[in-house]
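Shown here: input_12.cif, mmCIF, C-alpha atoms and all ligand atoms.
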data_protein
#
loop_
_atom_site.label_atom_id
_atom_site.label_comp_id
_atom_site.auth_asym_id
_atom_site.auth_seq_id
_atom_site.Cartn_x
_atom_site.Cartn_y
_atom_site.Cartn_z
CA MET A 1 -30.42 26.93 13.19
CA LYS A 2 -28.92 30.11 14.69
CA ARG A 3 -30.74 31.93 17.44
CA PRO A 4 -32.00 35.44 16.55
CA LYS A 5 -29.67 38.31 17.50
CA ILE A 6 -31.08 41.16 19.55
CA SER A 7 -28.96 44.28 20.07
CA LEU A 8 -29.85 46.67 22.87
CA ILE A 9 -28.48 50.18 22.30
CA GLY A 10 -28.40 51.59 25.81
CA ALA A 11 -27.62 49.18 28.64
CA GLY A 12 -29.04 51.25 31.45
CA ASN A 13 -32.10 50.58 33.57
CA ILE A 14 -34.41 49.48 30.76
CA GLY A 15 -31.60 47.91 28.68
CA GLY A 16 -30.48 45.68 31.53
CA GLU A 17 -34.03 44.67 32.35
CA MET A 18 -34.73 43.79 28.70
CA ALA A 19 -31.57 41.70 28.54
CA GLU A 20 -32.72 39.68 31.53
CA ARG A 21 -36.18 39.15 30.03
CA ILE A 22 -34.67 37.98 26.74
CA MET A 23 -32.46 35.55 28.68
CA LEU A 24 -35.41 34.19 30.68
CA LYS A 25 -37.54 33.74 27.54
CA GLU A 26 -34.55 32.48 25.46
CA LEU A 27 -35.73 34.89 22.77
CA GLY A 28 -32.27 35.22 21.22
CA ASP A 29 -28.62 36.12 21.73
CA VAL A 30 -28.08 39.59 23.20
CA MET A 31 -25.55 42.29 22.35
CA LEU A 32 -25.67 45.07 24.96
CA PHE A 33 -24.21 48.35 23.66
CA ASP A 34 -23.46 51.42 25.76
CA VAL A 35 -21.02 54.32 25.76
CA VAL A 36 -20.14 53.69 29.41
CA GLU A 37 -16.96 51.61 29.45
CA GLY A 38 -17.38 48.17 30.95
CA MET A 39 -20.99 48.55 32.03
CA PRO A 40 -22.62 46.56 29.18
CA GLN A 41 -19.90 43.92 29.47
CA GLY A 42 -20.49 43.66 33.22
CA LYS A 43 -24.24 43.33 32.90
CA ALA A 44 -23.88 40.74 30.12
CA LEU A 45 -21.40 38.68 32.17
CA ASP A 46 -23.62 38.83 35.25
CA LEU A 47 -26.59 37.57 33.18
CA MET A 48 -24.43 34.86 31.52
CA GLU A 49 -23.43 33.57 34.95
CA GLY A 50 -27.05 33.34 36.09
CA ARG A 51 -28.24 31.28 33.08
CA PRO A 52 -27.89 27.89 34.79
CA LEU A 53 -30.47 29.03 37.35
CA ASP A 54 -33.03 29.54 34.59
CA ASP A 55 -31.89 26.81 32.17
CA SER A 56 -31.22 29.47 29.57
CA ASP A 57 -28.59 28.91 26.85
CA VAL A 58 -28.70 32.25 25.07
CA GLN A 59 -25.41 34.12 24.73
CA LEU A 60 -25.09 37.67 26.11
CA SER A 61 -22.23 40.07 25.38
CA GLY A 62 -21.47 43.74 25.96
CA THR A 63 -19.63 46.24 23.80
CA GLN A 64 -18.78 49.84 22.96
CA ASP A 65 -18.16 48.92 19.32
CA TYR A 66 -21.03 49.24 16.84
CA LYS A 67 -19.43 46.58 14.63
CA ASP A 68 -20.65 44.08 17.22
CA ILE A 69 -24.31 44.72 16.38
CA GLU A 70 -23.82 43.40 12.86
CA GLY A 71 -26.38 40.78 11.84
CA SER A 72 -28.96 41.96 14.38
CA ASP A 73 -32.51 40.81 13.73
CA VAL A 74 -33.89 43.28 16.28
CA VAL A 75 -32.40 46.48 17.70
CA ILE A 76 -34.05 48.11 20.71
CA VAL A 77 -32.92 51.67 21.48
CA THR A 78 -33.01 53.16 24.98
CA ALA A 79 -29.93 55.34 24.53
CA GLY A 80 -30.36 58.77 26.04
CA LEU A 81 -31.22 60.57 29.22
CA ALA A 82 -34.21 59.73 31.37
CA ARG A 83 -36.14 62.51 33.06
CA LYS A 84 -35.78 63.64 36.65
CA PRO A 85 -38.52 65.11 38.89
CA GLY A 86 -39.92 68.33 37.45
CA MET A 87 -38.88 67.48 33.87
CA SER A 88 -41.28 66.72 31.05
CA ARG A 89 -40.44 64.13 28.38
CA ASP A 90 -40.13 67.06 25.92
CA ASP A 91 -37.32 68.55 28.06
CA LEU A 92 -35.16 65.64 26.86
CA LEU A 93 -35.58 66.59 23.20
CA GLN A 94 -32.34 68.36 22.32
CA ILE A 95 -29.94 66.10 24.21
CA ASN A 96 -31.64 62.87 23.12
CA LEU A 97 -32.05 64.06 19.54
CA LYS A 98 -28.27 64.37 19.21
CA ILE A 99 -27.83 60.89 20.66
CA MET A 100 -30.57 59.41 18.46
CA LYS A 101 -29.00 60.74 15.26
CA ASP A 102 -25.68 59.10 16.20
CA VAL A 103 -27.36 55.83 17.14
CA ALA A 104 -29.48 55.82 13.96
CA SER A 105 -26.52 56.37 11.63
CA ASN A 106 -24.71 53.45 13.27
CA ILE A 107 -27.75 51.20 13.01
CA LYS A 108 -28.05 52.17 9.34
CA GLU A 109 -24.42 51.14 8.79
CA HIS A 110 -24.20 48.04 10.96
CA ALA A 111 -27.71 46.55 11.20
CA PRO A 112 -29.54 47.43 7.94
CA ASN A 113 -31.95 44.50 8.14
CA ALA A 114 -33.04 44.92 11.73
CA PHE A 115 -36.50 45.61 13.11
CA VAL A 116 -35.89 48.73 15.19
CA ILE A 117 -37.89 49.46 18.33
CA VAL A 118 -37.28 52.93 19.76
CA VAL A 119 -37.93 53.53 23.46
CA SER A 120 -36.03 56.76 24.23
CA ASN A 121 -38.01 59.91 25.01
CA PRO A 122 -39.55 62.09 23.77
CA LEU A 123 -40.68 58.90 22.09
CA ASP A 124 -42.73 60.14 19.14
CA ALA A 125 -39.95 62.51 18.02
CA MET A 126 -37.19 59.95 18.62
CA VAL A 127 -38.82 57.19 16.55
CA TYR A 128 -39.47 59.70 13.75
CA THR A 129 -35.79 60.68 13.85
CA MET A 130 -34.74 57.02 13.78
CA GLN A 131 -36.75 56.34 10.62
CA LYS A 132 -35.63 59.51 8.84
CA VAL A 133 -31.92 59.02 9.60
CA THR A 134 -31.83 55.28 8.85
CA GLY A 135 -34.12 55.58 5.84
CA PHE A 136 -35.45 52.12 6.77
CA SER A 137 -38.95 51.10 5.67
CA THR A 138 -41.51 52.57 8.04
CA SER A 139 -42.66 48.98 8.70
CA LYS A 140 -39.26 48.23 10.26
CA VAL A 141 -39.10 51.23 12.64
CA VAL A 142 -41.59 51.48 15.49
CA GLY A 143 -41.89 53.22 18.84
CA MET A 144 -42.72 51.64 22.19
CA ALA A 145 -45.19 53.65 24.25
CA GLY A 146 -48.76 52.48 23.77
CA VAL A 147 -48.06 48.97 25.03
CA LEU A 148 -46.78 50.49 28.29
CA ASP A 149 -49.53 53.11 28.56
CA SER A 150 -52.24 50.51 27.85
CA SER A 151 -50.71 48.15 30.41
CA ARG A 152 -50.82 50.91 33.01
CA PHE A 153 -54.48 51.63 32.14
CA ARG A 154 -55.34 47.93 32.40
CA ALA A 155 -53.44 47.55 35.68
CA PHE A 156 -55.22 50.50 37.33
CA ILE A 157 -58.62 49.14 36.23
CA ALA A 158 -57.78 45.65 37.55
CA MET A 159 -56.59 47.16 40.84
CA GLU A 160 -59.81 49.16 41.21
CA LEU A 161 -62.10 46.22 40.40
CA GLY A 162 -60.06 43.55 42.16
CA VAL A 163 -59.95 41.36 39.05
CA SER A 164 -57.28 39.59 37.01
CA VAL A 165 -55.32 41.78 34.63
CA GLN A 166 -55.81 38.97 32.08
CA ASP A 167 -59.46 39.89 31.76
CA VAL A 168 -59.01 43.64 31.36
CA HIS A 169 -58.63 44.83 27.75
CA ALA A 170 -57.87 48.45 27.00
CA MET A 171 -56.05 50.66 24.53
CA VAL A 172 -54.30 54.01 24.73
CA LEU A 173 -53.84 56.04 21.51
CA GLY A 174 -51.88 59.15 20.59
CA GLY A 175 -48.54 60.60 21.56
CA HIS A 176 -46.57 59.38 24.57
CA GLY A 177 -47.33 62.49 26.56
CA ASP A 178 -49.67 63.67 29.31
CA ASP A 179 -52.29 64.18 26.55
CA MET A 180 -52.34 60.51 25.50
CA VAL A 181 -55.81 59.08 24.81
CA PRO A 182 -57.10 56.14 26.91
CA VAL A 183 -60.02 54.88 24.77
CA VAL A 184 -62.59 54.29 27.54
CA ARG A 185 -65.37 53.32 25.10
CA LEU A 186 -63.42 50.24 23.96
CA CYS A 187 -62.29 49.09 27.38
CA SER A 188 -63.84 45.82 28.56
CA VAL A 189 -63.54 43.63 31.65
CA GLY A 190 -64.37 40.00 30.96
CA GLY A 191 -66.19 41.22 27.86
CA ILE A 192 -68.29 43.67 29.88
CA PRO A 193 -67.95 47.35 28.92
CA LEU A 194 -66.00 49.23 31.61
CA THR A 195 -68.68 51.91 31.60
CA GLU A 196 -71.09 49.35 33.08
CA LEU A 197 -68.76 48.53 35.95
CA LEU A 198 -67.36 51.88 37.11
CA SER A 199 -68.75 55.41 37.38
CA ALA A 200 -67.72 58.05 34.86
CA GLU A 201 -65.87 59.90 37.65
CA LYS A 202 -63.87 56.84 38.69
CA ILE A 203 -63.06 56.03 35.06
CA GLU A 204 -61.81 59.59 34.47
CA GLU A 205 -59.71 59.35 37.63
CA ILE A 206 -58.10 56.15 36.31
CA ALA A 207 -57.60 57.63 32.83
CA LYS A 208 -55.91 60.68 34.38
CA ARG A 209 -53.64 58.48 36.50
CA THR A 210 -52.73 56.56 33.34
CA ARG A 211 -51.79 59.76 31.50
CA MET A 212 -49.63 60.92 34.43
CA ALA A 213 -48.26 57.48 35.42
CA GLY A 214 -44.76 58.13 34.08
CA GLY A 215 -44.41 61.29 36.13
CA GLU A 216 -45.80 59.55 39.22
CA ILE A 217 -42.95 57.03 39.10
CA VAL A 218 -40.31 59.69 38.34
CA GLY A 219 -41.54 61.57 41.41
CA LEU A 220 -41.19 58.47 43.59
CA LEU A 221 -37.84 57.23 42.23
CA LYS A 222 -36.31 60.73 41.99
CA THR A 223 -33.25 59.31 40.14
CA GLY A 224 -34.91 58.31 36.85
CA SER A 225 -38.04 56.89 35.26
CA ALA A 226 -39.89 53.60 35.11
CA TYR A 227 -37.96 50.63 33.71
CA PHE A 228 -39.52 47.29 34.63
CA SER A 229 -42.77 47.84 32.71
CA PRO A 230 -41.16 49.70 29.79
CA ALA A 231 -38.73 46.79 29.38
CA ALA A 232 -41.59 44.27 29.42
CA SER A 233 -43.46 46.36 26.84
CA ALA A 234 -40.57 46.54 24.38
CA ILE A 235 -39.92 42.79 24.68
CA GLU A 236 -43.59 42.05 23.97
CA MET A 237 -43.18 43.89 20.65
CA ALA A 238 -39.86 42.20 19.85
CA GLU A 239 -41.35 38.75 20.59
CA SER A 240 -44.30 39.38 18.25
CA TYR A 241 -41.83 40.19 15.46
CA LEU A 242 -39.42 37.31 16.14
CA LYS A 243 -42.19 34.71 16.42
CA ASP A 244 -44.41 36.24 13.70
CA LYS A 245 -47.22 36.30 16.27
CA LYS A 246 -49.30 39.01 14.51
CA ARG A 247 -50.15 40.55 17.92
CA ILE A 248 -52.38 43.61 17.87
CA LEU A 249 -50.43 46.14 19.93
CA PRO A 250 -50.73 49.92 20.40
CA CYS A 251 -47.43 51.31 19.07
CA ALA A 252 -46.00 54.54 17.73
CA ALA A 253 -46.32 53.76 14.01
CA TYR A 254 -45.82 55.82 10.86
CA LEU A 255 -49.21 56.99 9.56
CA ASN A 256 -50.00 57.45 5.88
CA GLY A 257 -53.39 59.10 6.29
CA GLU A 258 -54.84 56.69 8.83
CA PHE A 259 -56.79 58.49 11.56
CA GLY A 260 -56.42 61.60 9.38
CA ILE A 261 -52.67 61.81 10.09
CA GLN A 262 -50.03 61.89 7.36
CA GLY A 263 -46.28 61.51 7.72
CA TYR A 264 -45.81 61.31 11.51
CA TYR A 265 -45.40 58.58 14.14
CA VAL A 266 -48.35 58.39 16.55
CA GLY A 267 -49.67 55.67 18.87
CA VAL A 268 -52.25 53.50 17.13
CA PRO A 269 -53.19 49.78 17.12
CA VAL A 270 -50.98 47.83 14.71
CA VAL A 271 -50.31 44.20 13.79
CA ILE A 272 -46.69 43.22 14.50
CA GLY A 273 -45.50 40.10 12.69
CA GLY A 274 -42.43 38.80 10.86
CA GLU A 275 -42.51 41.72 8.40
CA GLY A 276 -42.57 44.28 11.23
CA VAL A 277 -45.51 46.67 11.42
CA GLU A 278 -47.72 44.78 8.99
CA LYS A 279 -50.95 46.73 9.31
CA VAL A 280 -52.40 49.81 10.99
CA LEU A 281 -55.85 48.92 12.34
CA GLU A 282 -57.85 52.07 11.74
CA PHE A 283 -61.28 52.29 13.36
CA LYS A 284 -63.99 54.90 13.76
CA LEU A 285 -63.53 57.32 16.65
CA ASP A 286 -66.38 59.17 18.28
CA PRO A 287 -66.19 62.99 18.20
CA GLU A 288 -64.65 63.23 21.70
CA GLU A 289 -61.99 60.62 20.90
CA GLU A 290 -61.32 62.33 17.57
CA LYS A 291 -60.75 65.66 19.31
CA ALA A 292 -58.49 64.11 21.94
CA LEU A 293 -56.39 62.26 19.36
CA GLN A 294 -56.09 65.41 17.26
CA GLY A 295 -54.92 67.34 20.32
CA SER A 296 -52.34 64.71 21.18
CA PHE A 297 -51.16 64.60 17.57
CA GLU A 298 -50.82 68.39 17.44
CA HIS A 299 -48.43 68.13 20.40
CA VAL A 300 -46.39 65.47 18.56
CA LYS A 301 -46.41 67.56 15.37
CA ARG A 302 -45.18 70.69 17.16
CA LEU A 303 -42.30 68.74 18.67
CA VAL A 304 -41.34 66.94 15.45
CA ASP A 305 -41.65 70.08 13.31
CA SER A 306 -39.27 71.85 15.72
CA ILE A 307 -36.36 69.46 15.13
CA GLU A 308 -33.63 69.62 12.49
CA ILE A 309 -32.79 66.17 11.13
O1 LIG B 401 -42.59 54.34 27.21
C1 LIG B 401 -41.50 54.85 26.91
N1 LIG B 401 -41.11 54.93 25.63
C2 LIG B 401 -40.62 55.43 28.01
C3 LIG B 401 -39.22 55.67 27.54
C4 LIG B 401 -40.70 54.69 29.27
C5 LIG B 401 -39.70 54.85 30.21
C6 LIG B 401 -38.38 55.46 29.89
N2 LIG B 401 -38.37 56.17 28.63
C7 LIG B 401 -37.08 56.65 28.14
O2 LIG B 401 -36.18 55.58 27.82
C8 LIG B 401 -36.31 57.52 29.09
O3 LIG B 401 -36.87 58.82 29.17
C9 LIG B 401 -34.94 57.50 28.45
O4 LIG B 401 -34.92 58.42 27.38
C10 LIG B 401 -34.85 56.08 27.87
C11 LIG B 401 -33.99 55.14 28.66
O5 LIG B 401 -34.44 55.07 29.97
P1 LIG B 401 -33.52 54.32 31.08
O6 LIG B 401 -34.26 54.36 32.35
O7 LIG B 401 -33.06 53.01 30.53
O8 LIG B 401 -32.29 55.34 31.15
P2 LIG B 401 -30.78 55.01 31.67
O9 LIG B 401 -30.82 53.99 32.75
O10 LIG B 401 -30.14 56.34 31.89
O11 LIG B 401 -30.12 54.32 30.39
C12 LIG B 401 -29.83 55.06 29.23
C13 LIG B 401 -28.48 54.54 28.74
C14 LIG B 401 -27.32 54.88 29.70
O12 LIG B 401 -26.71 53.69 30.14
C15 LIG B 401 -26.39 55.74 28.88
O13 LIG B 401 -25.02 55.51 29.14
C16 LIG B 401 -26.76 55.29 27.48
O14 LIG B 401 -28.17 55.18 27.51
N3 LIG B 401 -26.35 56.24 26.45
C17 LIG B 401 -25.98 55.85 25.22
N4 LIG B 401 -25.95 54.62 24.69
C18 LIG B 401 -25.53 54.59 23.40
N5 LIG B 401 -25.16 55.67 22.67
C19 LIG B 401 -25.18 56.90 23.22
N6 LIG B 401 -24.81 57.98 22.48
C20 LIG B 401 -25.61 57.02 24.56
N7 LIG B 401 -25.77 58.08 25.39
C21 LIG B 401 -26.22 57.57 26.54
#

Would you write out, as structure tokens, the structure that this file holds?
Ligand code: TXD
Amino acid sequence: MKRPKISLIGAGNIGGEMAERIMLKELGDVMLFDVVEGMPQGKALDLMEGRPLDDSDVQLSGTQDYKDIEGSDVVIVTAGLARKPGMSRDDLLQINLKIMKDVASNIKEHAPNAFVIVVSNPLDAMVYTMQKVTGFSTSKVVGMAGVLDSSRFRAFIAMELGVSVQDVHAMVLGGHGDDMVPVVRLCSVGGIPLTELLSAEKIEEIAKRTRMAGGEIVGLLKTGSAYFSPAASAIEMAESYLKDKKRILPCAAYLNGEFGIQGYYVGVPVVIGGEGVEKVLEFKLDPEEEKALQGSFEHVKRLVDSIEI
């Protein structure tokens, strides 16, 4: 039986990191695509040469030719610019929108049956563009943001309490912006509500750090944005699809009225299995959460309504 084929459109910081993770997990064969001559080929060859050290037999290749993504089961898109200090994710809109339209039309032509995970920022607008341009079922186009944002939230809580990250469960809803919504009420540590373990002030401090975590790393790196944890987040989603794991993951998914939102991509808990986004898990929000999600959605809506597709 053939291994799955995973094409990575964008072989930069996140693309290269995802390729290595796929190799280590033997998730499938990798096709790295980038517009920079030689770079995807070089990264693929480097990873191929390291396979004996990890007993991995997947095949990795690099290309500038979209024909080489044919037959992809999964396509993960990081093509585009990353922000620099002082830039917001929204500042990337015009340049990355142009790139996303080009990428989407090529995916439509060369990988019509793929599950597409969009990573590029501004995420909620880019995943919307991907779905509109490809015309793929909304269950086969999803955005990666909530898995990363929730991981950050969980990590900060574990760091504060000095406990294992395995026992911290948390979810972040909404757009992938500084107005994202860490759902404090549902956060638990070993089954104990977070609100019983930390003060309201400390929790708000952690929630704020979660919302600003992307910018914190951009400020430290100065040359780009986070890539280790975003790569891990996208691969978690791809793995749930490829292995039909039915994981419940916070993702930018197309909403058809759930959470009172119609016709946009916003971060909500979904089930990812062999059919893609198989279910949106809607649940009751309290008035404060409702207001925060609405505010975050309004930001997404303004951005999406401003683009010409
Ligand atoms: O949670 C999230 N969704 C975010 C997403 C987390 C972190 C980073 N976020 C965004 O992902 C970031 O703001 C960027 O928009 C993307 C990719 O971030 P990365 O750090 O991987 O950027 P790089 O290293 O610059 O890689 C982007 C690659 C680079 O090699 C370019 O040559 C390539 O994209 N590129 C293209 N590839 C294909 N097709 C076109 N047109 C193209 N243009 C540039």

I need the residue nearest ligand LIG 401 (chain B) from this list: A:Val183, A:Val189, A:Val172, A:Val77. Use all atoms listed in the file for the distance.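 For ligand LIG 401 (chain B), the nearest of the given residues is A:Val77.
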
Around all the atoms of ligand LIG 401 (chain B) listed in the file, with 8 Å of room on each side, what axis-aligned box do you get, giving centre and edge lengths in Å to one decimal, as lines of an AutoDock Vina configuration file?
center_x = -33.7
center_y = 55.9
center_z = 27.6
size_x = 33.8
size_y = 21.8
size_z = 26.3

Near-segment 272-280 of chain A list (9 Å; all atoms listed in the file; drop same-chain fewer than 2 positions) as a PyMOL selection string: chain A and resi 115-116+138-142+237-238+240-249+253-255+258+268-270+282

Could you list, as a VMD selection string, every residue within 12 Å of Asn113 of chain A, counting all atoms listed in the file and ignoring same-chain residues fewer than 3 positions away? chain A and resid 5 to 6 69 to 75 107 to 110 116 134 to 137 139 to 141 275 to 276

Could you please take those selected residues and save C-alpha atoms as an mmCIF file, in the coordinates of the input?
data_model
loop_
_atom_site.group_PDB
_atom_site.id
_atom_site.type_symbol
_atom_site.label_atom_id
_atom_site.label_comp_id
_atom_site.auth_asym_id
_atom_site.auth_seq_id
_atom_site.Cartn_x
_atom_site.Cartn_y
_atom_site.Cartn_z
ATOM 1 C CA LYS A 5 -29.670 38.310 17.500
ATOM 2 C CA ILE A 6 -31.080 41.160 19.550
ATOM 3 C CA ILE A 69 -24.310 44.720 16.380
ATOM 4 C CA GLU A 70 -23.820 43.400 12.860
ATOM 5 C CA GLY A 71 -26.380 40.780 11.840
ATOM 6 C CA SER A 72 -28.960 41.960 14.380
ATOM 7 C CA ASP A 73 -32.510 40.810 13.730
ATOM 8 C CA VAL A 74 -33.890 43.280 16.280
ATOM 9 C CA VAL A 75 -32.400 46.480 17.700
ATOM 10 C CA ILE A 107 -27.750 51.200 13.010
ATOM 11 C CA LYS A 108 -28.050 52.170 9.340
ATOM 12 C CA GLU A 109 -24.420 51.140 8.790
ATOM 13 C CA HIS A 110 -24.200 48.040 10.960
ATOM 14 C CA VAL A 116 -35.890 48.730 15.190
ATOM 15 C CA THR A 134 -31.830 55.280 8.850
ATOM 16 C CA GLY A 135 -34.120 55.580 5.840
ATOM 17 C CA PHE A 136 -35.450 52.120 6.770
ATOM 18 C CA SER A 137 -38.950 51.100 5.670
ATOM 19 C CA SER A 139 -42.660 48.980 8.700
ATOM 20 C CA LYS A 140 -39.260 48.230 10.260
ATOM 21 C CA VAL A 141 -39.100 51.230 12.640
ATOM 22 C CA GLU A 275 -42.510 41.720 8.400
ATOM 23 C CA GLY A 276 -42.570 44.280 11.230
#

How would you write, as a ChimeraX atom specification, the set of residues no farther than 9 Å from ligand LIG 401 (chain B) when counting only C-alpha atoms and all ligand atoms? /A:9-17,33-37,39-40,64,77-84,89,92,96,98-103,118-124,143-149,176,214,224-231,233-234

Can I get the selection written as a PDB file, in the coordinates of the input, with C-alpha atoms?
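File part.pdb, as written:
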ATOM      1  CA  ILE A   9     -28.480  50.180  22.300  1.00  0.00           C
ATOM      2  CA  GLY A  10     -28.400  51.590  25.810  1.00  0.00           C
ATOM      3  CA  ALA A  11     -27.620  49.180  28.640  1.00  0.00           C
ATOM      4  CA  GLY A  12     -29.040  51.250  31.450  1.00  0.00           C
ATOM      5  CA  ASN A  13     -32.100  50.580  33.570  1.00  0.00           C
ATOM      6  CA  ILE A  14     -34.410  49.480  30.760  1.00  0.00           C
ATOM      7  CA  GLY A  15     -31.600  47.910  28.680  1.00  0.00           C
ATOM      8  CA  GLY A  16     -30.480  45.680  31.530  1.00  0.00           C
ATOM      9  CA  GLU A  17     -34.030  44.670  32.350  1.00  0.00           C
ATOM     10  CA  PHE A  33     -24.210  48.350  23.660  1.00  0.00           C
ATOM     11  CA  ASP A  34     -23.460  51.420  25.760  1.00  0.00           C
ATOM     12  CA  VAL A  35     -21.020  54.320  25.760  1.00  0.00           C
ATOM     13  CA  VAL A  36     -20.140  53.690  29.410  1.00  0.00           C
ATOM     14  CA  GLU A  37     -16.960  51.610  29.450  1.00  0.00           C
ATOM     15  CA  MET A  39     -20.990  48.550  32.030  1.00  0.00           C
ATOM     16  CA  PRO A  40     -22.620  46.560  29.180  1.00  0.00           C
ATOM     17  CA  GLN A  64     -18.780  49.840  22.960  1.00  0.00           C
ATOM     18  CA  VAL A  77     -32.920  51.670  21.480  1.00  0.00           C
ATOM     19  CA  THR A  78     -33.010  53.160  24.980  1.00  0.00           C
ATOM     20  CA  ALA A  79     -29.930  55.340  24.530  1.00  0.00           C
ATOM     21  CA  GLY A  80     -30.360  58.770  26.040  1.00  0.00           C
ATOM     22  CA  LEU A  81     -31.220  60.570  29.220  1.00  0.00           C
ATOM     23  CA  ALA A  82     -34.210  59.730  31.370  1.00  0.00           C
ATOM     24  CA  ARG A  83     -36.140  62.510  33.060  1.00  0.00           C
ATOM     25  CA  LYS A  84     -35.780  63.640  36.650  1.00  0.00           C
ATOM     26  CA  ARG A  89     -40.440  64.130  28.380  1.00  0.00           C
ATOM     27  CA  LEU A  92     -35.160  65.640  26.860  1.00  0.00           C
ATOM     28  CA  ASN A  96     -31.640  62.870  23.120  1.00  0.00           C
ATOM     29  CA  LYS A  98     -28.270  64.370  19.210  1.00  0.00           C
ATOM     30  CA  ILE A  99     -27.830  60.890  20.660  1.00  0.00           C
ATOM     31  CA  MET A 100     -30.570  59.410  18.460  1.00  0.00           C
ATOM     32  CA  LYS A 101     -29.000  60.740  15.260  1.00  0.00           C
ATOM     33  CA  ASP A 102     -25.680  59.100  16.200  1.00  0.00           C
ATOM     34  CA  VAL A 103     -27.360  55.830  17.140  1.00  0.00           C
ATOM     35  CA  VAL A 118     -37.280  52.930  19.760  1.00  0.00           C
ATOM     36  CA  VAL A 119     -37.930  53.530  23.460  1.00  0.00           C
ATOM     37  CA  SER A 120     -36.030  56.760  24.230  1.00  0.00           C
ATOM     38  CA  ASN A 121     -38.010  59.910  25.010  1.00  0.00           C
ATOM     39  CA  PRO A 122     -39.550  62.090  23.770  1.00  0.00           C
ATOM     40  CA  LEU A 123     -40.680  58.900  22.090  1.00  0.00           C
ATOM     41  CA  ASP A 124     -42.730  60.140  19.140  1.00  0.00           C
ATOM     42  CA  GLY A 143     -41.890  53.220  18.840  1.00  0.00           C
ATOM     43  CA  MET A 144     -42.720  51.640  22.190  1.00  0.00           C
ATOM     44  CA  ALA A 145     -45.190  53.650  24.250  1.00  0.00           C
ATOM     45  CA  GLY A 146     -48.760  52.480  23.770  1.00  0.00           C
ATOM     46  CA  VAL A 147     -48.060  48.970  25.030  1.00  0.00           C
ATOM     47  CA  LEU A 148     -46.780  50.490  28.290  1.00  0.00           C
ATOM     48  CA  ASP A 149     -49.530  53.110  28.560  1.00  0.00           C
ATOM     49  CA  HIS A 176     -46.570  59.380  24.570  1.00  0.00           C
ATOM     50  CA  GLY A 214     -44.760  58.130  34.080  1.00  0.00           C
ATOM     51  CA  GLY A 224     -34.910  58.310  36.850  1.00  0.00           C
ATOM     52  CA  SER A 225     -38.040  56.890  35.260  1.00  0.00           C
ATOM     53  CA  ALA A 226     -39.890  53.600  35.110  1.00  0.00           C
ATOM     54  CA  TYR A 227     -37.960  50.630  33.710  1.00  0.00           C
ATOM     55  CA  PHE A 228     -39.520  47.290  34.630  1.00  0.00           C
ATOM     56  CA  SER A 229     -42.770  47.840  32.710  1.00  0.00           C
ATOM     57  CA  PRO A 230     -41.160  49.700  29.790  1.00  0.00           C
ATOM     58  CA  ALA A 231     -38.730  46.790  29.380  1.00  0.00           C
ATOM     59  CA  SER A 233     -43.460  46.360  26.840  1.00  0.00           C
ATOM     60  CA  ALA A 234     -40.570  46.540  24.380  1.00  0.00           C
TER      61      ALA A 234
END

Under the rule that all atoms listed in the file are counted, which of A:Lys202, A:Ala213, A:Leu8, A:Ala19 is the nearest residue to Tyr66 of chain A?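 Answer, going by the shortest atom-to-atom distance: A:Leu8.
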
Just checking: using all atoms listed in the file, which residue out of A:Thr129, A:Ser56, A:Ser150, A:Thr223 ends up closest to Cys187 of chain A? A:Ser150

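Nearest to Met126 of chain A of all the residues A:Glu298, A:Glu196, A:Glu290, A:Glu308 is A:Glu308, based on all atoms listed in the file.
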
Just give me the gap between atom CA of Leu93 of chain A and atom CA of Phe259 of chain A in Å, one decimal is fine.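 Between atom CA of Leu93 of chain A and atom CA of Phe259 of chain A the gap works out to 25.5 Å.
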
Could you check the closest approach to Arg302 of chain A for each of A:Glu205, A:Asp90, A:Glu26, A:Asp54 and tell me which residue wins, using only C-alpha atoms?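 Using only C-alpha atoms, the shortest distance to Arg302 of chain A belongs to A:Asp90.
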